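See below for query-v1.pdb, which holds PDB, C-alpha atoms and all ligand atoms.
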```
ATOM      1  CA  MET A   1      96.495  88.435   0.786  1.00  0.00           C
ATOM      2  CA  ILE A   2      94.529  86.014  -1.414  1.00  0.00           C
ATOM      3  CA  GLU A   3      97.017  86.566  -4.257  1.00  0.00           C
ATOM      4  CA  LEU A   4      99.927  85.789  -1.907  1.00  0.00           C
ATOM      5  CA  LEU A   5      98.150  82.640  -0.717  1.00  0.00           C
ATOM      6  CA  ARG A   6      97.521  81.543  -4.302  1.00  0.00           C
ATOM      7  CA  ALA A   7     101.165  81.985  -5.288  1.00  0.00           C
ATOM      8  CA  ARG A   8     102.840  80.582  -2.160  1.00  0.00           C
ATOM      9  CA  ARG A   9     104.663  77.264  -2.449  1.00  0.00           C
ATOM     10  CA  SER A  10     107.400  75.796  -0.267  1.00  0.00           C
ATOM     11  CA  ILE A  11     110.744  76.822  -1.744  1.00  0.00           C
ATOM     12  CA  ARG A  12     113.723  74.606  -0.915  1.00  0.00           C
ATOM     13  CA  ALA A  13     116.418  75.976  -3.255  1.00  0.00           C
ATOM     14  CA  TYR A  14     117.976  79.406  -2.773  1.00  0.00           C
ATOM     15  CA  THR A  15     120.438  81.688  -4.550  1.00  0.00           C
ATOM     16  CA  ASP A  16     123.560  83.023  -2.785  1.00  0.00           C
ATOM     17  CA  GLU A  17     122.031  86.497  -2.542  1.00  0.00           C
ATOM     18  CA  PRO A  18     121.859  87.739   1.043  1.00  0.00           C
ATOM     19  CA  ILE A  19     118.625  89.184   2.427  1.00  0.00           C
ATOM     20  CA  GLU A  20     118.773  92.994   2.668  1.00  0.00           C
ATOM     21  CA  PRO A  21     118.819  94.396   6.240  1.00  0.00           C
ATOM     22  CA  GLN A  22     115.508  96.253   5.630  1.00  0.00           C
ATOM     23  CA  LYS A  23     113.798  92.959   4.690  1.00  0.00           C
ATOM     24  CA  LEU A  24     115.302  91.226   7.729  1.00  0.00           C
ATOM     25  CA  GLU A  25     113.812  93.981   9.884  1.00  0.00           C
ATOM     26  CA  LEU A  26     110.385  93.471   8.272  1.00  0.00           C
ATOM     27  CA  LEU A  27     110.572  89.730   8.995  1.00  0.00           C
ATOM     28  CA  LYS A  28     111.446  90.520  12.626  1.00  0.00           C
ATOM     29  CA  GLU A  29     108.512  92.939  12.821  1.00  0.00           C
ATOM     30  CA  THR A  30     106.230  90.230  11.382  1.00  0.00           C
ATOM     31  CA  VAL A  31     107.025  87.629  14.033  1.00  0.00           C
ATOM     32  CA  LEU A  32     106.653  90.190  16.808  1.00  0.00           C
ATOM     33  CA  ARG A  33     103.218  91.203  15.486  1.00  0.00           C
ATOM     34  CA  SER A  34     102.050  87.602  15.563  1.00  0.00           C
ATOM     35  CA  PRO A  35      98.938  87.103  17.702  1.00  0.00           C
ATOM     36  CA  SER A  36      99.145  84.783  20.705  1.00  0.00           C
ATOM     37  CA  SER A  37      96.664  83.309  23.128  1.00  0.00           C
ATOM     38  CA  ARG A  38      95.910  85.691  25.998  1.00  0.00           C
ATOM     39  CA  ASN A  39      98.549  87.980  24.474  1.00  0.00           C
ATOM     40  CA  ILE A  40     101.219  86.119  26.451  1.00  0.00           C
ATOM     41  CA  ASP A  41     103.660  86.059  23.521  1.00  0.00           C
ATOM     42  CA  PRO A  42     105.511  82.950  24.718  1.00  0.00           C
ATOM     43  CA  TRP A  43     107.631  82.779  21.565  1.00  0.00           C
ATOM     44  CA  GLU A  44     111.353  83.431  21.118  1.00  0.00           C
ATOM     45  CA  PHE A  45     112.886  83.740  17.640  1.00  0.00           C
ATOM     46  CA  ILE A  46     116.502  83.095  16.743  1.00  0.00           C
ATOM     47  CA  PHE A  47     117.447  84.630  13.380  1.00  0.00           C
ATOM     48  CA  VAL A  48     120.380  82.514  12.186  1.00  0.00           C
ATOM     49  CA  THR A  49     122.489  83.875   9.311  1.00  0.00           C
ATOM     50  CA  ASP A  50     125.823  82.312  10.325  1.00  0.00           C
ATOM     51  CA  ARG A  51     126.607  79.795   7.559  1.00  0.00           C
ATOM     52  CA  ARG A  52     128.361  77.395   9.947  1.00  0.00           C
ATOM     53  CA  LEU A  53     125.299  77.277  12.205  1.00  0.00           C
ATOM     54  CA  LEU A  54     122.905  76.926   9.226  1.00  0.00           C
ATOM     55  CA  GLU A  55     124.935  73.920   8.048  1.00  0.00           C
ATOM     56  CA  LYS A  56     124.596  72.384  11.511  1.00  0.00           C
ATOM     57  CA  LEU A  57     120.853  73.075  11.605  1.00  0.00           C
ATOM     58  CA  ALA A  58     120.536  71.375   8.192  1.00  0.00           C
ATOM     59  CA  VAL A  59     121.376  68.025   9.852  1.00  0.00           C
ATOM     60  CA  CYS A  60     118.991  68.427  12.816  1.00  0.00           C
ATOM     61  CA  LYS A  61     116.980  65.486  11.437  1.00  0.00           C
ATOM     62  CA  GLY A  62     117.415  62.676   8.929  1.00  0.00           C
ATOM     63  CA  HIS A  63     115.647  64.371   6.026  1.00  0.00           C
ATOM     64  CA  GLY A  64     113.612  67.459   5.222  1.00  0.00           C
ATOM     65  CA  ALA A  65     116.098  70.012   6.619  1.00  0.00           C
ATOM     66  CA  ASP A  66     119.100  69.775   4.237  1.00  0.00           C
ATOM     67  CA  PHE A  67     118.138  72.938   2.287  1.00  0.00           C
ATOM     68  CA  LEU A  68     118.873  75.051   5.403  1.00  0.00           C
ATOM     69  CA  ALA A  69     122.555  74.745   4.499  1.00  0.00           C
ATOM     70  CA  GLN A  70     121.948  76.967   1.417  1.00  0.00           C
ATOM     71  CA  ALA A  71     119.378  79.337   2.954  1.00  0.00           C
ATOM     72  CA  ALA A  72     120.366  82.934   3.704  1.00  0.00           C
ATOM     73  CA  LEU A  73     118.363  82.759   6.918  1.00  0.00           C
ATOM     74  CA  GLY A  74     116.901  80.195   9.288  1.00  0.00           C
ATOM     75  CA  ILE A  75     114.363  81.465  11.795  1.00  0.00           C
ATOM     76  CA  VAL A  76     114.302  79.107  14.759  1.00  0.00           C
ATOM     77  CA  VAL A  77     110.824  79.452  16.267  1.00  0.00           C
ATOM     78  CA  CYS A  78     110.728  78.541  19.954  1.00  0.00           C
ATOM     79  CA  GLY A  79     108.050  78.721  22.640  1.00  0.00           C
ATOM     80  CA  ASP A  80     108.412  78.988  26.396  1.00  0.00           C
ATOM     81  CA  SER A  81     106.386  76.051  27.729  1.00  0.00           C
ATOM     82  CA  HIS A  82     106.413  77.575  31.246  1.00  0.00           C
ATOM     83  CA  GLU A  83     104.743  80.759  30.018  1.00  0.00           C
ATOM     84  CA  SER A  84     101.824  79.328  28.071  1.00  0.00           C
ATOM     85  CA  ASP A  85     100.032  76.043  27.322  1.00  0.00           C
ATOM     86  CA  THR A  86      99.348  77.282  23.789  1.00  0.00           C
ATOM     87  CA  TRP A  87     102.995  77.805  22.807  1.00  0.00           C
ATOM     88  CA  ILE A  88     102.580  75.291  19.949  1.00  0.00           C
ATOM     89  CA  GLU A  89      99.679  77.193  18.397  1.00  0.00           C
ATOM     90  CA  ASP A  90     101.364  80.555  18.978  1.00  0.00           C
ATOM     91  CA  CYS A  91     104.602  79.357  17.360  1.00  0.00           C
ATOM     92  CA  ALA A  92     102.750  77.803  14.415  1.00  0.00           C
ATOM     93  CA  ILE A  93     100.958  81.090  13.734  1.00  0.00           C
ATOM     94  CA  ALA A  94     104.236  83.044  13.820  1.00  0.00           C
ATOM     95  CA  SER A  95     105.824  80.451  11.515  1.00  0.00           C
ATOM     96  CA  ILE A  96     103.209  80.712   8.777  1.00  0.00           C
ATOM     97  CA  LEU A  97     102.912  84.497   9.085  1.00  0.00           C
ATOM     98  CA  VAL A  98     106.634  84.932   8.531  1.00  0.00           C
ATOM     99  CA  GLN A  99     106.401  82.603   5.512  1.00  0.00           C
ATOM    100  CA  MET A 100     103.670  84.831   4.071  1.00  0.00           C
ATOM    101  CA  ALA A 101     105.681  87.992   4.813  1.00  0.00           C
ATOM    102  CA  ALA A 102     108.707  86.416   3.101  1.00  0.00           C
ATOM    103  CA  GLN A 103     106.518  85.695   0.070  1.00  0.00           C
ATOM    104  CA  SER A 104     105.353  89.320  -0.013  1.00  0.00           C
ATOM    105  CA  LEU A 105     109.007  90.459  -0.055  1.00  0.00           C
ATOM    106  CA  GLY A 106     109.939  88.248  -3.029  1.00  0.00           C
ATOM    107  CA  LEU A 107     111.644  85.651  -0.825  1.00  0.00           C
ATOM    108  CA  GLY A 108     111.080  81.893  -0.790  1.00  0.00           C
ATOM    109  CA  SER A 109     110.686  79.879   2.375  1.00  0.00           C
ATOM    110  CA  CYS A 110     110.050  76.418   3.752  1.00  0.00           C
ATOM    111  CA  TRP A 111     108.985  75.155   7.168  1.00  0.00           C
ATOM    112  CA  VAL A 112     111.305  72.611   8.805  1.00  0.00           C
ATOM    113  CA  GLN A 113     109.424  70.625  11.432  1.00  0.00           C
ATOM    114  CA  VAL A 114     111.416  70.209  14.658  1.00  0.00           C
ATOM    115  CA  ARG A 115     108.868  69.327  17.345  1.00  0.00           C
ATOM    116  CA  ASN A 116     108.536  65.511  17.639  1.00  0.00           C
ATOM    117  CA  ARG A 117     111.417  64.894  15.208  1.00  0.00           C
ATOM    118  CA  ARG A 118     114.684  63.082  15.932  1.00  0.00           C
ATOM    119  CA  PHE A 119     118.348  63.836  15.283  1.00  0.00           C
ATOM    120  CA  ASP A 120     119.216  60.180  15.994  1.00  0.00           C
ATOM    121  CA  GLU A 121     117.955  57.325  18.169  1.00  0.00           C
ATOM    122  CA  GLN A 122     119.273  58.925  21.351  1.00  0.00           C
ATOM    123  CA  THR A 123     118.705  62.602  20.615  1.00  0.00           C
ATOM    124  CA  ALA A 124     115.604  64.579  19.679  1.00  0.00           C
ATOM    125  CA  SER A 125     116.084  67.273  16.998  1.00  0.00           C
ATOM    126  CA  GLU A 126     114.980  69.751  19.652  1.00  0.00           C
ATOM    127  CA  GLU A 127     117.759  68.719  22.085  1.00  0.00           C
ATOM    128  CA  TYR A 128     120.345  68.929  19.308  1.00  0.00           C
ATOM    129  CA  ILE A 129     119.211  72.479  18.439  1.00  0.00           C
ATOM    130  CA  GLN A 130     118.920  73.556  22.085  1.00  0.00           C
ATOM    131  CA  LYS A 131     122.541  72.502  22.639  1.00  0.00           C
ATOM    132  CA  LEU A 132     123.784  74.120  19.417  1.00  0.00           C
ATOM    133  CA  LEU A 133     122.078  77.480  20.031  1.00  0.00           C
ATOM    134  CA  HIS A 134     122.221  77.569  23.868  1.00  0.00           C
ATOM    135  CA  ILE A 135     118.436  77.384  24.276  1.00  0.00           C
ATOM    136  CA  PRO A 136     117.223  76.459  27.797  1.00  0.00           C
ATOM    137  CA  GLU A 137     115.344  73.152  28.177  1.00  0.00           C
ATOM    138  CA  HIS A 138     111.914  74.719  28.904  1.00  0.00           C
ATOM    139  CA  VAL A 139     112.102  76.792  25.702  1.00  0.00           C
ATOM    140  CA  LYS A 140     110.740  74.314  23.174  1.00  0.00           C
ATOM    141  CA  VAL A 141     111.606  74.318  19.469  1.00  0.00           C
ATOM    142  CA  GLU A 142     108.636  74.226  17.109  1.00  0.00           C
ATOM    143  CA  SER A 143     110.118  74.868  13.677  1.00  0.00           C
ATOM    144  CA  ILE A 144     112.867  76.436  11.652  1.00  0.00           C
ATOM    145  CA  ILE A 145     111.735  78.596   8.747  1.00  0.00           C
ATOM    146  CA  ALA A 146     114.331  78.530   5.963  1.00  0.00           C
ATOM    147  CA  VAL A 147     114.319  81.765   3.939  1.00  0.00           C
ATOM    148  CA  GLY A 148     116.218  82.992   0.887  1.00  0.00           C
ATOM    149  CA  TYR A 149     115.881  84.283  -2.640  1.00  0.00           C
ATOM    150  CA  PRO A 150     114.284  81.482  -4.662  1.00  0.00           C
ATOM    151  CA  ALA A 151     116.428  79.398  -7.010  1.00  0.00           C
ATOM    152  CA  GLU A 152     113.393  77.356  -8.094  1.00  0.00           C
ATOM    153  CA  GLN A 153     110.011  78.283  -9.495  1.00  0.00           C
ATOM    154  CA  ARG A 154     106.980  76.313  -8.367  1.00  0.00           C
ATOM    155  CA  GLU A 155     103.593  76.537  -9.996  1.00  0.00           C
ATOM    156  CA  ALA A 156     100.623  77.688  -7.951  1.00  0.00           C
ATOM    157  CA  LEU A 157      98.017  74.978  -7.380  1.00  0.00           C
ATOM    158  CA  PRO A 158      95.041  75.482  -9.712  1.00  0.00           C
ATOM    159  CA  ARG A 159      91.854  76.261  -7.792  1.00  0.00           C
ATOM    160  CA  ALA A 160      90.179  73.163  -9.251  1.00  0.00           C
ATOM    161  CA  GLU A 161      92.831  70.936  -7.604  1.00  0.00           C
ATOM    162  CA  LEU A 162      92.073  72.137  -4.077  1.00  0.00           C
ATOM    163  CA  LYS A 163      90.476  69.515  -1.795  1.00  0.00           C
ATOM    164  CA  HIS A 164      87.057  71.130  -1.908  1.00  0.00           C
ATOM    165  CA  THR A 165      85.434  68.174  -0.099  1.00  0.00           C
ATOM    166  CA  LYS A 166      87.401  69.120   3.049  1.00  0.00           C
ATOM    167  CA  VAL A 167      85.103  72.091   3.567  1.00  0.00           C
ATOM    168  CA  HIS A 168      81.711  71.190   5.007  1.00  0.00           C
ATOM    169  CA  ALA A 169      78.533  73.208   5.179  1.00  0.00           C
ATOM    170  CA  ASN A 170      76.888  73.362   8.601  1.00  0.00           C
ATOM    171  CA  THR A 171      77.472  69.690   9.571  1.00  0.00           C
ATOM    172  CA  TYR A 172      80.242  67.182   8.830  1.00  0.00           C
ATOM    173  CA  GLY A 173      78.125  64.634   6.966  1.00  0.00           C
TER
HETATM  174  C1  LIG A 201     103.698  71.841  10.024  1.00  0.00           C
HETATM  175  C2  LIG A 201     104.525  71.726   8.765  1.00  0.00           C
HETATM  176  C3  LIG A 201     105.717  71.022   8.809  1.00  0.00           C
HETATM  177  C4  LIG A 201     106.521  70.921   7.665  1.00  0.00           C
HETATM  178  N1  LIG A 201     107.742  70.311   7.754  1.00  0.00           N
HETATM  179  C5  LIG A 201     108.522  70.258   6.668  1.00  0.00           C
HETATM  180  C6  LIG A 201     109.835  69.717   6.769  1.00  0.00           C
HETATM  181  O1  LIG A 201     110.302  69.321   7.833  1.00  0.00           O
HETATM  182  N2  LIG A 201     110.588  69.685   5.648  1.00  0.00           N
HETATM  183  C7  LIG A 201     110.118  70.133   4.426  1.00  0.00           C
HETATM  184  O2  LIG A 201     110.860  70.055   3.437  1.00  0.00           O
HETATM  185  N3  LIG A 201     108.876  70.671   4.304  1.00  0.00           N
HETATM  186  C8  LIG A 201     108.094  70.752   5.392  1.00  0.00           C
HETATM  187  N4  LIG A 201     106.855  71.340   5.304  1.00  0.00           N
HETATM  188  C9  LIG A 201     106.364  71.842   4.007  1.00  0.00           C
HETATM  189  C10 LIG A 201     105.271  70.923   3.454  1.00  0.00           C
HETATM  190  O3  LIG A 201     105.855  69.736   2.979  1.00  0.00           O
HETATM  191  C11 LIG A 201     104.540  71.685   2.346  1.00  0.00           C
HETATM  192  O4  LIG A 201     103.925  72.831   2.900  1.00  0.00           O
HETATM  193  C12 LIG A 201     103.467  70.805   1.692  1.00  0.00           C
HETATM  194  O5  LIG A 201     104.071  69.733   0.998  1.00  0.00           O
HETATM  195  C13 LIG A 201     102.618  71.616   0.694  1.00  0.00           C
HETATM  196  O6  LIG A 201     103.436  72.203  -0.290  1.00  0.00           O
HETATM  197  P1  LIG A 201     103.446  73.784  -0.517  1.00  0.00           P
HETATM  198  O7  LIG A 201     103.907  74.438   0.750  1.00  0.00           O
HETATM  199  O8  LIG A 201     104.391  74.010  -1.672  1.00  0.00           O
HETATM  200  O9  LIG A 201     102.040  74.198  -0.865  1.00  0.00           O
HETATM  201  C14 LIG A 201     106.060  71.476   6.433  1.00  0.00           C
HETATM  202  C15 LIG A 201     104.865  72.182   6.407  1.00  0.00           C
HETATM  203  C16 LIG A 201     104.108  72.313   7.554  1.00  0.00           C
HETATM  204  C17 LIG A 201     102.835  73.131   7.499  1.00  0.00           C
END
```

Just give me the structure of the file as structure tokens.
Ligand SMILES: Cc1cc2nc3c(=O)[nH]c(=O)nc-3n(C[C@H](O)[C@H](O)[C@H](O)COP(=O)(O)O)c2cc1C
Amino acid sequence: MIELLRARRSIRAYTDEPIEPQKLELLKETVLRSPSSRNIDPWEFIFVTDRRLLEKLAVCKGHGADFLAQAALGIVVCGDSHESDTWIEDCAIASILVQMAAQSLGLGSCWVQVRNRRFDEQTASEEYIQKLLHIPEHVKVESIIAVGYPAEQREALPRAELKHTKVHANTYG
């Protein structure tokens, strides 16, 4: 795990190579094994491989989502706000776990933030995606995880460059 964490970077450029069905299954298993508060599992995951839909998801906000148009897969991570008050935390955990699983399978990935982002002045990114993918209003959209075979290499951060002062011993000051 520590080696995966050391090597992981956000990857925003992908080759045309599709993701093998066995790897797709492992990514599905990963999200379903994600822990959730009180074991409620309020999440819902939409695995989008349809190129036309990925292109539409790529414009769900002004910037920071364009690379979805080239990704082999976009995992839309949603949480049922009626089922649990910790849907945000539960969805965030599933999002990062599936990024780590992708890394372990030789895939690159990047988180696309959806919650609190806007498509335009009138429409939230969430509403745009709910309409596009037929998601009911109470099923909130946390993120989209773009996944594909990497077409860029990014260097791991050297240990010395980590923000070591962010970790405190016993008290804050
Ligand atoms: C909650 C969250 C939201 C993010 N949203 C976006 C996004 O919308 N678009 C994007 O390109 N990257 C997004 N990222 C990726 C971050 O920009 C990236 O993790 C950060 O710059 C550190 O780089 P690294 O992942 O290569 O270590 C997001 C990451 C997190 C954790």

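Evaluated on this file, the PyMOL selection byres (((chain A and resi 44-59) around 7) and not hetatm) matches Pro42, Trp43, Cys60, Lys61, Gly62, Ala65, Asp66, Phe67, Leu68, Ala69, Ala72, Leu73, Gly74, Ile75, Val76, Val77, Cys78 and Gly79 of chain A.
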
Counting only C-alpha atoms and all ligand atoms, name the residues that have an atom within 8 Å of an atom of ligand LIG 201 (chain A); the answer should be given as a ChimeraX atom specification. /A:8-12,63-65,67,92,96,110-114,143,154,157

Of the residues A:Asp90, A:Ser37, A:Ala102, A:Pro150, which is the one nearest to A:Lys23, using all atoms listed in the file?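 Answer, going by the shortest atom-to-atom distance: A:Ala102.
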
For the file shown, what are the residues hit by the PyMOL selection byres (((chain A and resi 105) around 12) and not hetatm), laid out as number ranges by chain? A: 4, 8, 19-20, 22-27, 30, 98-104, 106-109, 147-150

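For the pair atom CA of A:Asp16 and atom CA of A:Glu155, the separation is 22.2 Å.
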
For stretch 30-43 of chain A, take all atoms listed in the file, fit an axis-aligned box around them, add 3 Å to each of the six sides, then output centre and edge lengths in Å rounded to one decimal, as JSON.
```
{"center_x": 101.8, "center_y": 87.0, "center_z": 18.9, "size_x": 17.7, "size_y": 14.4, "size_z": 21.1}
```

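Straight-line separation from atom CA of A:Glu29 to atom CA of A:Leu97: 10.8 Å.
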
Point-to-point distance in Å for atom CA of A:Glu142 and atom CA of A:Ile88: 6.8 Å

Output check: residues returned by the PyMOL selection byres (((chain A and resi 82) around 10) and not hetatm), as an MDAnalysis selection string: chainID A and resid 42 79:81 83:85 87 138:140

Between A:Arg159, A:Tyr128, A:Gln153, A:Lys28, smallest distance to A:Ile2 by all atoms listed in the file belongs to A:Arg159
